[in-house]
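Data file: query.txt. Format and content: compact mmCIF, C-alpha atoms and all ligand atoms.
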```txt
# COMPACT_ATOMS: atom_id res chain seq x y z
CA MET A 27 14.83 16.42 -19.34
CA LYS A 28 17.27 15.41 -22.09
CA ASN A 29 19.80 14.36 -19.48
CA ILE A 30 17.17 12.41 -17.53
CA GLU A 31 16.01 10.72 -20.73
CA LYS A 32 19.58 9.72 -21.53
CA LYS A 33 20.08 8.26 -18.07
CA VAL A 34 16.80 6.31 -18.24
CA LYS A 35 17.62 4.88 -21.68
CA ASN A 36 21.09 3.84 -20.43
CA ASP A 37 19.59 2.29 -17.28
CA GLU A 38 21.50 4.75 -15.08
CA ARG A 39 20.27 5.76 -11.63
CA LEU A 40 18.46 9.12 -11.26
CA ASN A 41 19.55 11.33 -8.36
CA LEU A 42 17.63 13.62 -6.00
CA GLU A 43 18.06 16.58 -8.37
CA ASP A 44 16.60 14.55 -11.26
CA CYS A 45 13.69 13.51 -9.07
CA LEU A 46 12.94 17.14 -8.21
CA LYS A 47 13.20 18.13 -11.88
CA LEU A 48 10.62 15.47 -12.71
CA TYR A 49 8.28 16.77 -10.01
CA GLU A 50 8.77 20.34 -11.29
CA SER A 51 8.16 19.44 -14.92
CA ASP A 52 4.72 19.78 -16.52
CA ASP A 53 5.65 17.45 -19.35
CA ILE A 54 3.53 14.55 -18.15
CA ILE A 55 3.52 12.91 -21.58
CA LYS A 56 7.32 12.78 -21.72
CA ILE A 57 7.57 11.56 -18.10
CA GLY A 58 4.88 8.97 -18.76
CA MET A 59 6.57 7.73 -21.94
CA LEU A 60 9.86 7.28 -20.10
CA ALA A 61 8.17 5.42 -17.24
CA ASP A 62 6.29 3.23 -19.74
CA PHE A 63 9.61 2.51 -21.49
CA VAL A 64 11.10 1.27 -18.18
CA LYS A 65 7.97 -0.74 -17.35
CA LYS A 66 7.95 -2.38 -20.80
CA ARG A 67 11.71 -3.05 -20.66
CA ARG A 68 10.98 -5.20 -17.57
CA TYR A 69 7.59 -6.70 -18.22
CA GLY A 70 6.57 -6.03 -21.82
CA LYS A 71 2.79 -5.89 -22.01
CA LYS A 72 2.22 -7.90 -18.83
CA VAL A 73 0.17 -6.38 -16.02
CA PHE A 74 -0.21 -8.19 -12.69
CA TYR A 75 -3.23 -8.54 -10.44
CA VAL A 76 -4.03 -10.71 -7.44
CA TYR A 77 -7.15 -12.52 -6.26
CA ASN A 78 -7.24 -10.95 -2.80
CA GLN A 79 -9.57 -10.06 0.04
CA HIS A 80 -9.20 -7.18 2.51
CA LEU A 81 -10.08 -7.76 6.15
CA ASN A 82 -10.22 -4.65 8.35
CA TYR A 83 -10.67 -6.18 11.80
CA THR A 84 -11.39 -2.95 13.70
CA ASN A 85 -11.93 0.73 12.95
CA ILE A 86 -11.38 1.78 16.55
CA CYS A 87 -8.12 3.73 16.72
CA PHE A 88 -6.57 6.21 19.13
CA ASN A 89 -4.03 7.68 16.70
CA LYS A 90 -6.40 10.20 15.13
CA CYS A 91 -4.38 10.92 12.00
CA LEU A 92 -5.80 14.07 10.41
CA PHE A 93 -6.14 12.41 6.99
CA CYS A 94 -8.16 9.44 8.24
CA ALA A 95 -11.93 9.14 7.92
CA TYR A 96 -11.97 5.48 8.84
CA SER A 97 -11.05 5.54 12.53
CA LYS A 98 -13.58 5.92 15.34
CA ASP A 99 -13.69 6.09 19.14
CA LYS A 100 -15.22 2.99 20.66
CA THR A 101 -18.37 4.87 21.78
CA GLN A 102 -18.96 6.42 18.35
CA GLU A 103 -21.71 5.14 16.07
CA GLY A 104 -20.31 2.72 13.51
CA ALA A 105 -17.34 1.65 15.66
CA TYR A 106 -16.68 -2.07 15.29
CA THR A 107 -14.26 -4.85 16.14
CA PHE A 108 -14.62 -8.21 14.44
CA SER A 109 -15.25 -11.19 16.68
CA PHE A 110 -13.82 -14.45 15.36
CA GLU A 111 -17.35 -15.34 14.23
CA ASP A 112 -17.39 -12.14 12.19
CA ILE A 113 -14.02 -13.05 10.65
CA GLU A 114 -15.31 -16.53 9.79
CA LYS A 115 -18.35 -14.90 8.19
CA GLU A 116 -16.12 -12.62 6.08
CA LEU A 117 -14.02 -15.59 4.99
CA LYS A 118 -17.13 -17.60 4.14
CA LYS A 119 -18.24 -14.87 1.71
CA THR A 120 -15.33 -15.85 -0.55
CA LYS A 121 -15.15 -19.57 0.08
CA ASP A 122 -15.88 -20.35 -3.58
CA TYR A 123 -13.28 -17.89 -4.89
CA PRO A 124 -9.62 -18.72 -5.47
CA ILE A 125 -8.35 -16.18 -2.90
CA LYS A 126 -4.55 -16.08 -2.95
CA GLU A 127 -3.94 -13.26 -0.46
CA TYR A 128 -5.58 -11.82 2.64
CA HIS A 129 -4.67 -8.19 3.31
CA ILE A 130 -5.35 -7.69 7.02
CA VAL A 131 -5.03 -4.27 8.71
CA GLY A 132 -6.91 -2.30 11.34
CA GLY A 133 -6.82 0.58 13.81
CA LEU A 134 -5.02 0.63 17.15
CA ASN A 135 -7.64 -0.53 19.62
CA LYS A 136 -6.66 -0.61 23.31
CA ASP A 137 -9.19 -3.36 24.03
CA ILE A 138 -7.54 -5.93 21.75
CA GLU A 139 -4.81 -8.09 23.25
CA PHE A 140 -1.87 -9.72 21.54
CA ASP A 141 -3.56 -13.15 21.49
CA TYR A 142 -6.32 -11.75 19.27
CA TYR A 143 -3.80 -10.89 16.53
CA PHE A 144 -2.09 -14.25 16.85
CA ASP A 145 -5.32 -16.27 16.88
CA MET A 146 -6.82 -14.24 14.03
CA LEU A 147 -3.93 -15.13 11.73
CA LYS A 148 -4.16 -18.77 12.78
CA LEU A 149 -7.89 -18.82 12.03
CA VAL A 150 -7.39 -17.25 8.59
CA LYS A 151 -4.56 -19.65 7.73
CA LYS A 152 -6.56 -22.67 8.91
CA THR A 153 -9.58 -21.61 6.86
CA ASN A 154 -7.59 -21.16 3.66
CA PRO A 155 -4.01 -22.48 3.81
CA GLU A 156 -3.65 -21.76 0.06
CA ALA A 157 -3.61 -18.00 0.57
CA THR A 158 -0.76 -15.78 1.74
CA ILE A 159 -1.35 -13.65 4.81
CA LYS A 160 -0.16 -10.07 4.21
CA ALA A 161 -0.93 -8.40 7.50
CA PHE A 162 -0.23 -5.48 9.83
CA THR A 163 1.70 -2.32 9.01
CA ALA A 164 4.75 -1.17 10.99
CA VAL A 165 2.28 0.97 12.99
CA GLU A 166 0.44 -2.11 14.26
CA ILE A 167 3.70 -4.00 14.89
CA ASP A 168 4.94 -1.10 17.06
CA HIS A 169 1.63 -1.16 18.95
CA LEU A 170 1.84 -4.94 19.45
CA SER A 171 5.30 -4.59 20.88
CA LYS A 172 4.04 -1.96 23.34
CA ILE A 173 1.00 -3.92 24.56
CA SER A 174 2.88 -7.21 24.90
CA ASN A 175 6.23 -5.92 26.15
CA LEU A 176 7.87 -8.12 23.55
CA SER A 177 10.65 -7.03 21.21
CA ILE A 178 9.89 -6.38 17.55
CA ASP A 179 11.92 -9.48 16.64
CA THR A 180 9.90 -11.67 19.00
CA ILE A 181 6.63 -10.24 17.67
CA PHE A 182 7.72 -11.19 14.16
CA ASP A 183 8.71 -14.71 15.27
CA LYS A 184 5.32 -15.22 16.89
CA LEU A 185 3.31 -13.77 14.01
CA LYS A 186 5.28 -15.87 11.51
CA GLU A 187 4.39 -18.93 13.59
CA ALA A 188 0.71 -17.92 13.28
CA GLY A 189 0.94 -17.56 9.49
CA LEU A 190 2.26 -14.07 8.69
CA GLU A 191 4.19 -14.12 5.41
CA MET A 192 4.24 -10.54 4.24
CA MET A 193 3.41 -6.99 5.36
CA PRO A 194 1.51 -4.26 3.51
CA GLY A 195 3.18 -0.89 2.97
CA GLY A 196 0.87 1.40 4.94
CA GLY A 197 1.74 3.80 7.72
CA ALA A 198 4.69 5.39 5.89
CA GLU A 199 2.56 8.35 4.75
CA ILE A 200 5.37 10.85 3.99
CA LEU A 201 8.59 9.93 5.79
CA ASN A 202 9.29 13.44 7.05
CA ASP A 203 9.24 15.07 10.51
CA ARG A 204 7.28 18.18 9.45
CA ILE A 205 4.45 16.12 7.97
CA HIS A 206 4.56 13.73 10.92
CA ASN A 207 4.18 16.57 13.45
CA LYS A 208 1.35 18.19 11.50
CA LEU A 209 -0.72 15.24 10.31
CA PHE A 210 -0.09 12.21 12.49
CA PRO A 211 1.85 13.20 15.62
CA LYS A 212 0.52 10.27 17.71
CA LYS A 213 1.56 7.65 15.18
CA ILE A 214 5.11 6.37 14.70
CA GLY A 215 7.27 8.58 12.49
CA LYS A 216 10.02 8.10 9.94
CA GLY A 217 12.71 6.58 12.17
CA ARG A 218 10.51 3.96 13.81
CA TRP A 219 8.72 3.02 10.55
CA LEU A 220 12.07 2.41 8.85
CA GLU A 221 13.45 0.54 11.86
CA ILE A 222 10.50 -1.87 12.00
CA VAL A 223 10.37 -2.44 8.26
CA LYS A 224 14.12 -3.14 8.21
CA LYS A 225 13.69 -5.66 11.03
CA ALA A 226 10.90 -7.34 9.02
CA HIS A 227 13.18 -7.59 5.98
CA LEU A 228 15.98 -9.06 8.09
CA LYS A 229 13.52 -11.68 9.38
CA GLY A 230 12.70 -12.63 5.80
CA ILE A 231 9.29 -10.93 5.82
CA ARG A 232 8.89 -8.99 2.59
CA THR A 233 6.94 -5.74 2.78
CA ASN A 234 5.49 -3.12 0.48
CA ALA A 235 5.96 0.63 0.83
CA THR A 236 3.47 3.44 0.26
CA MET A 237 3.43 7.22 -0.07
CA LEU A 238 0.30 9.19 0.81
CA TYR A 239 0.26 12.23 -1.47
CA GLY A 240 -2.08 15.11 -2.30
CA HIS A 241 -2.35 16.83 1.10
CA ILE A 242 0.20 19.35 2.48
CA GLU A 243 3.41 17.72 1.27
CA THR A 244 5.92 19.55 -0.92
CA LYS A 245 7.73 18.19 -4.00
CA GLU A 246 10.94 18.14 -1.97
CA GLU A 247 9.30 16.00 0.73
CA LYS A 248 8.03 13.51 -1.84
CA ALA A 249 11.47 13.32 -3.44
CA GLU A 250 13.06 12.79 0.00
CA HIS A 251 10.50 10.03 0.70
CA LEU A 252 11.40 8.16 -2.49
CA MET A 253 15.14 8.51 -1.84
CA THR A 254 14.76 7.20 1.73
CA LEU A 255 12.89 4.11 0.53
CA ARG A 256 15.39 3.50 -2.28
CA CYS A 257 18.22 3.68 0.23
CA LEU A 258 16.65 1.05 2.53
CA GLN A 259 15.91 -1.14 -0.47
CA ASP A 260 19.59 -0.97 -1.47
CA GLU A 261 20.41 -2.22 2.00
CA THR A 262 17.85 -5.00 2.48
CA GLY A 263 16.17 -5.75 -0.87
CA GLY A 264 13.06 -6.57 1.17
CA PHE A 265 10.50 -4.34 -0.55
CA THR A 266 8.25 -5.91 -3.16
CA ALA A 267 5.99 -3.13 -4.44
CA PHE A 268 5.62 0.62 -4.09
CA ILE A 269 2.13 2.09 -3.98
CA PRO A 270 1.48 5.84 -4.30
CA LEU A 271 -1.75 6.44 -2.33
CA LYS A 272 -3.99 9.29 -3.49
CA PHE A 273 -5.38 11.24 -0.54
CA HIS A 274 -9.18 11.32 -0.26
CA PRO A 275 -10.22 14.33 1.86
CA LYS A 276 -13.97 13.75 2.44
CA ASN A 277 -14.99 13.24 6.11
CA THR A 278 -11.43 13.95 7.32
CA LYS A 279 -9.98 16.90 9.25
CA LEU A 280 -8.40 17.96 5.94
CA SER A 281 -11.68 18.10 4.01
CA HIS A 282 -10.84 21.67 2.84
CA ILE A 283 -8.06 20.28 0.62
CA ASN A 284 -8.92 19.62 -3.03
CA GLU A 285 -8.26 16.15 -4.40
CA SER A 286 -5.13 15.77 -6.53
CA SER A 287 -5.67 16.03 -10.29
CA ILE A 288 -5.45 13.02 -12.60
CA LEU A 289 -2.22 14.49 -14.03
CA GLU A 290 -0.69 14.57 -10.54
CA ASP A 291 -1.83 10.98 -9.94
CA LEU A 292 -0.14 9.83 -13.13
CA LYS A 293 2.99 11.83 -12.36
CA ASN A 294 3.37 10.12 -8.97
CA ILE A 295 3.11 6.72 -10.63
CA SER A 296 5.62 7.62 -13.37
CA ILE A 297 8.17 9.30 -11.11
CA SER A 298 8.14 6.40 -8.67
CA ARG A 299 8.79 3.99 -11.56
CA LEU A 300 11.71 6.13 -12.77
CA VAL A 301 13.30 6.87 -9.39
CA LEU A 302 12.67 3.60 -7.54
CA ASP A 303 14.88 1.59 -9.87
CA ASN A 304 15.37 -1.11 -7.21
CA PHE A 305 11.66 -1.74 -6.65
CA ASP A 306 10.31 -4.46 -8.91
CA HIS A 307 6.68 -3.39 -8.84
CA ILE A 308 4.72 -0.13 -8.96
CA LYS A 309 1.07 -0.56 -8.07
CA ALA A 310 -1.79 1.49 -9.47
CA TYR A 311 -4.17 1.02 -6.54
CA TRP A 312 -7.48 1.23 -8.38
CA ILE A 313 -9.48 1.70 -5.16
CA MET A 314 -7.90 5.12 -4.58
CA LEU A 315 -7.20 6.16 -8.18
CA GLY A 316 -10.54 5.00 -9.53
CA GLU A 317 -10.75 2.17 -12.05
CA TYR A 318 -10.15 4.29 -15.16
CA VAL A 319 -7.26 6.41 -13.88
CA ALA A 320 -5.66 3.16 -12.69
CA GLN A 321 -6.15 1.79 -16.21
CA ILE A 322 -4.33 4.81 -17.70
CA ALA A 323 -1.60 4.46 -15.04
CA LEU A 324 -0.77 1.09 -16.62
CA LEU A 325 0.57 3.09 -19.57
CA PHE A 326 2.45 5.51 -17.28
CA GLY A 327 4.76 3.06 -15.52
CA ALA A 328 2.58 0.88 -13.27
CA ASP A 329 2.77 -2.91 -13.73
CA ASP A 330 0.22 -3.97 -11.12
CA LEU A 331 -3.44 -3.21 -10.41
CA ASP A 332 -3.60 -4.80 -6.92
CA GLY A 333 -6.64 -7.02 -6.84
CA THR A 334 -10.22 -8.04 -6.39
CA ILE A 335 -10.26 -6.67 -2.78
CA ILE A 336 -13.91 -7.85 -2.25
CA GLU A 337 -14.77 -5.03 0.18
CA GLU A 338 -12.60 -1.95 0.85
CA LYS A 339 -13.43 0.26 3.84
CA ILE A 340 -10.62 2.76 4.53
CA THR A 341 -10.86 4.91 1.38
CA HIS A 342 -14.61 4.53 0.96
CA THR A 343 -15.27 6.23 4.30
CA ALA A 344 -13.18 9.11 2.87
CA GLY A 345 -15.37 9.47 -0.23
CA ALA A 346 -13.74 7.15 -2.80
CA MET A 347 -16.06 6.74 -5.79
CA SER A 348 -14.59 3.46 -7.04
CA GLN A 349 -16.34 0.13 -6.52
CA LYS A 350 -15.59 -1.59 -3.19
CA GLY A 351 -14.33 -4.67 -5.01
CA LEU A 352 -13.95 -5.89 -8.60
CA THR A 353 -14.44 -9.28 -10.18
CA LYS A 354 -11.54 -11.04 -11.89
CA GLN A 355 -13.39 -10.46 -15.17
CA LYS A 356 -13.60 -6.69 -14.64
CA LEU A 357 -9.93 -6.41 -13.64
CA GLU A 358 -8.89 -8.43 -16.67
CA ASN A 359 -11.05 -6.27 -18.94
CA LEU A 360 -9.48 -3.05 -17.61
CA ILE A 361 -6.05 -4.46 -18.46
CA LYS A 362 -7.04 -5.92 -21.84
CA LYS A 363 -8.80 -2.73 -22.96
CA ALA A 364 -5.53 -0.85 -22.33
CA GLY A 365 -3.92 -3.20 -24.87
CA LEU A 366 -2.05 -5.12 -22.15
CA ILE A 367 -1.91 -8.71 -20.93
CA PRO A 368 -3.57 -9.61 -17.59
CA THR A 369 -1.34 -11.84 -15.50
CA MET A 370 -2.71 -13.34 -12.30
CA ARG A 371 -0.12 -13.49 -9.54
CA ASP A 372 0.35 -14.53 -5.93
CA SER A 373 1.67 -12.17 -3.22
CA PHE A 374 5.25 -12.75 -4.35
CA TYR A 375 4.51 -12.12 -8.03
CA ASN A 376 4.73 -15.74 -9.06
CA GLU A 377 2.47 -16.11 -12.09
CA ILE A 378 -0.59 -18.27 -11.62
O1 LIG A 401 -1.43 4.04 5.83
C1 LIG A 401 -5.72 6.64 5.30
C2 LIG A 401 -3.93 5.58 3.83
C3 LIG A 401 -3.13 3.51 4.16
C4 LIG A 401 -6.70 7.84 3.80
O2 LIG A 401 0.75 -2.84 0.68
C5 LIG A 401 -5.70 7.11 3.17
O3 LIG A 401 -0.33 -3.80 -0.93
C6 LIG A 401 -6.22 8.04 1.15
O4 LIG A 401 -1.36 1.03 2.99
N1 LIG A 401 -7.20 8.81 1.70
C7 LIG A 401 -3.54 2.06 4.24
N2 LIG A 401 -5.46 7.20 1.86
C8 LIG A 401 -3.67 1.44 2.86
C9 LIG A 401 -2.40 0.79 2.42
C10 LIG A 401 -2.39 -0.14 1.27
C11 LIG A 401 -3.45 -0.17 0.39
C12 LIG A 401 -3.42 -1.08 -0.66
C13 LIG A 401 -2.39 -1.96 -0.83
C14 LIG A 401 -1.33 -1.93 0.07
C15 LIG A 401 -0.22 -2.92 -0.06
C16 LIG A 401 -1.33 -1.01 1.12
O5 LIG A 401 -4.24 4.23 3.68
C17 LIG A 401 -2.73 4.27 5.39
C18 LIG A 401 -2.86 5.68 4.90
O6 LIG A 401 -1.69 6.08 4.26
N3 LIG A 401 -5.11 6.39 4.13
N4 LIG A 401 -6.71 7.53 5.11
C19 LIG A 401 -7.47 8.73 3.00
N5 LIG A 401 -8.41 9.51 3.54
FE1 LIG A 402 -5.58 4.96 12.97
FE2 LIG A 402 -4.50 4.18 10.63
FE3 LIG A 402 -6.57 5.91 10.67
FE4 LIG A 402 -4.17 6.71 11.53
S1 LIG A 402 -4.69 6.06 9.41
S2 LIG A 402 -6.14 7.08 12.58
S3 LIG A 402 -3.37 4.83 12.48
S4 LIG A 402 -6.64 3.78 11.35
```
Here is a file; write its structure as structure tokens.
Amino acid sequence: MKNIEKKVKNDERLNLEDCLKLYESDDIIKIGMLADFVKKRRYGKKVFYVYNQHLNYTNICFNKCLFCAYSKDKTQEGAYTFSFEDIEKELKKTKDYPIKEYHIVGGLNKDIEFDYYFDMLKLVKKTNPEATIKAFTAVEIDHLSKISNLSIDTIFDKLKEAGLEMMPGGGAEILNDRIHNKLFPKKIGKGRWLEIVKKAHLKGIRTNATMLYGHIETKEEKAEHLMTLRCLQDETGGFTAFIPLKFHPKNTKLSHINESSILEDLKNISISRLVLDNFDHIKAYWIMLGEYVAQIALLFGADDLDGTIIEEKITHTAGAMSQKGLTKQKLENLIKKAGLIPTMRDSFYNEI
């Protein structure tokens, strides 16, 4: 730990061995203090949040990831796909709010054609040109390429034309073949996820990156995941934020697994801040962590709380106890009550 502390204070890069040592250590207070030191060195007391809205256009998905409670077959009760009228209705709900970002993701539904994706983005952009469209994970981009027979590069060109400006970080899960084979064999794995994200970066589309933790992964696999992302970031510089995602087991095929502890949640935030030295932002995603753990995470290395969300569906079908959305006031209060300064941002972390 002494050696790691020295490296952190001197702004030196931690290696794989250091990362494993951090995961093996029980000294959460020390790890948290170091991560908070790095966060404060960059941002002082500032904490970012965004006025955003999530739109989950369909929950029909054929991938059947074992950790997912959200996806349904099309004949199952509760299966839905938004018509454009439905999307307009969702957008109308927030017409009086200063939405700065739409986060748009959904399942892989065989009945939706490429034009739907294209026209959906155009509709959203036309309705609110002020907001950034952050849409589709690498998983959806791979699917779009398959159903349209277009190359990934062409898909990006077309989606950019329709209004796509950024991509969320989902679908990475744990970038590891063992986990891929066990938990999401039908979905794209490490190689394809990295290939698509790299292509996005080369097209000038910034993306986030995530890590789904708290299921069957080992410390070594988490460390490998962080190193892989750091390596791609060295190459492209196209990642904006990293978001550790806490696994929620309820209503999934992994419901026998106990939820991660708060200490583990904080450790994942802190270690990602310390190891991902080339990522500007570490997000404490309050939807999955819960409002109050997310608030504590702001003192353990996170500099961002994500946003207002309005209505979250994916984690709430898996038993999340947090609210489905928060007002600007509530987000600001969470930050202020931690002794920090709320800073409203756009998708690219420009202060508003
Ligand atoms: O890829 C699915 C995860 C992800 C469960 O980029 C689950 O700003 C927990 O990527 N328990 C989608 N997690 C969410 C996502 C995201 C969220 C917020 C912000 C951003 C961003 C990205 O949700 C999926 C998967 O890893 N997920 N099921 C579950 N039961
Ligand atoms: Fe489908 Fe995404 Fe759920 Fe996997 S996590 S089953 S890809 S909706």
Box centre and edge lengths (Å, one decimal), axis-aligned, segment 145-156 of chain A plus 5 Å each side, as AutoDock Vina command-line options:
```
--center_x -6.6 --center_y -18.5 --center_z 8.5 --size_x 15.9 --size_y 18.4 --size_z 26.8
```
**OP:** For ligand LIG 401 (chain A), collect every residue having any atom at a distance of at most 6 Å from a ligand atom (counting all atoms listed in the file); output as a PyMOL selection string.
**Re:** chain A and resi 93-95+194-197+199+234+238+271-275+341+344
**OP:** Determine, counting only C-alpha atoms, which protein, DNA and RNA residues have an atom within 10 Å of an atom of segment 311-319 of chain A; residues of the same chain fewer than 4 positions away are not included. Present the result as number ranges by chain.
**Re:** A: 269-274, 286, 288-289, 291-292, 323-324, 328, 330-335, 338-342, 344-352, 356-357, 360, 364
**OP:** Excluding segment 39-48 of chain A and residues on its chain fewer than 6 positions from it, collect all residues at most 12 Å away from it, counting all atoms listed in the file, and give them as JSON, numbers by chain.
**Re:** {"A": [27, 28, 29, 30, 31, 32, 33, 54, 55, 56, 57, 58, 60, 61, 244, 245, 246, 247, 248, 249, 250, 251, 252, 253, 254, 256, 257, 290, 293, 294, 295, 296, 297, 298, 299, 300, 301, 302, 303, 304]}
Restricting the output to C-alpha atoms, write the selected residues as a JSON list (two decimals), keeping the file's coordinate frame.
```
[["chain", "number", "residue", "atom", "x", "y", "z"],
["A", 27, "MET", "CA", 14.83, 16.42, -19.34],
["A", 28, "LYS", "CA", 17.27, 15.41, -22.09],
["A", 29, "ASN", "CA", 19.80, 14.36, -19.48],
["A", 30, "ILE", "CA", 17.17, 12.41, -17.53],
["A", 31, "GLU", "CA", 16.01, 10.72, -20.73],
["A", 32, "LYS", "CA", 19.58, 9.72, -21.53],
["A", 33, "LYS", "CA", 20.08, 8.26, -18.07],
["A", 54, "ILE", "CA", 3.53, 14.55, -18.15],
["A", 55, "ILE", "CA", 3.52, 12.91, -21.58],
["A", 56, "LYS", "CA", 7.32, 12.78, -21.72],
["A", 57, "ILE", "CA", 7.57, 11.56, -18.10],
["A", 58, "GLY", "CA", 4.88, 8.97, -18.76],
["A", 60, "LEU", "CA", 9.86, 7.28, -20.10],
["A", 61, "ALA", "CA", 8.17, 5.42, -17.24],
["A", 244, "THR", "CA", 5.92, 19.55, -0.92],
["A", 245, "LYS", "CA", 7.73, 18.19, -4.00],
["A", 246, "GLU", "CA", 10.94, 18.14, -1.97],
["A", 247, "GLU", "CA", 9.30, 16.00, 0.73],
["A", 248, "LYS", "CA", 8.03, 13.51, -1.84],
["A", 249, "ALA", "CA", 11.47, 13.32, -3.44],
["A", 250, "GLU", "CA", 13.06, 12.79, 0.00],
["A", 251, "HIS", "CA", 10.50, 10.03, 0.70],
["A", 252, "LEU", "CA", 11.40, 8.16, -2.49],
["A", 253, "MET", "CA", 15.14, 8.51, -1.84],
["A", 254, "THR", "CA", 14.76, 7.20, 1.73],
["A", 256, "ARG", "CA", 15.39, 3.50, -2.28],
["A", 257, "CYS", "CA", 18.22, 3.68, 0.23],
["A", 290, "GLU", "CA", -0.69, 14.57, -10.54],
["A", 293, "LYS", "CA", 2.99, 11.83, -12.36],
["A", 294, "ASN", "CA", 3.37, 10.12, -8.97],
["A", 295, "ILE", "CA", 3.11, 6.72, -10.63],
["A", 296, "SER", "CA", 5.62, 7.62, -13.37],
["A", 297, "ILE", "CA", 8.17, 9.30, -11.11],
["A", 298, "SER", "CA", 8.14, 6.40, -8.67],
["A", 299, "ARG", "CA", 8.79, 3.99, -11.56],
["A", 300, "LEU", "CA", 11.71, 6.13, -12.77],
["A", 301, "VAL", "CA", 13.30, 6.87, -9.39],
["A", 302, "LEU", "CA", 12.67, 3.60, -7.54],
["A", 303, "ASP", "CA", 14.88, 1.59, -9.87],
["A", 304, "ASN", "CA", 15.37, -1.11, -7.21]]
```
**OP:** Return as JSON, numbers by chain every polymer residue, whether protein, DNA or RNA, with at least one atom no more than 6 Å from an atom of ligand LIG 402 (chain A); count all atoms listed in the file.
**Re:** {"A": [87, 89, 90, 91, 94, 96, 97, 133]}
Subject >> Nearest residue to Asn78 of chain A from the set A:Met370, A:Leu92, A:Ala198, A:Ile283 (distances using only C-alpha atoms) >> reply: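 Closest candidate: A:Met370.
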**OP:** Rank nothing, just name the residue among A:His282, A:Lys229, A:Lys35, A:Lys126 nearest to Tyr75 of chain A, using all atoms listed in the file.
**Re:** A:Lys126
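For the pair atom CA of Lys100 of chain A and atom CA of Leu134 of chain A, the interatomic distance is 11.0 Å.
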Original post:
From the set A:Met192, A:Leu201, A:Ile138, A:Leu117, which residue has the shortest atom-to-atom contact distance to Ser174 of chain A, counting all atoms listed in the file?
Top reply: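 Smallest separation from Ser174 of chain A among the options: A:Ile138.
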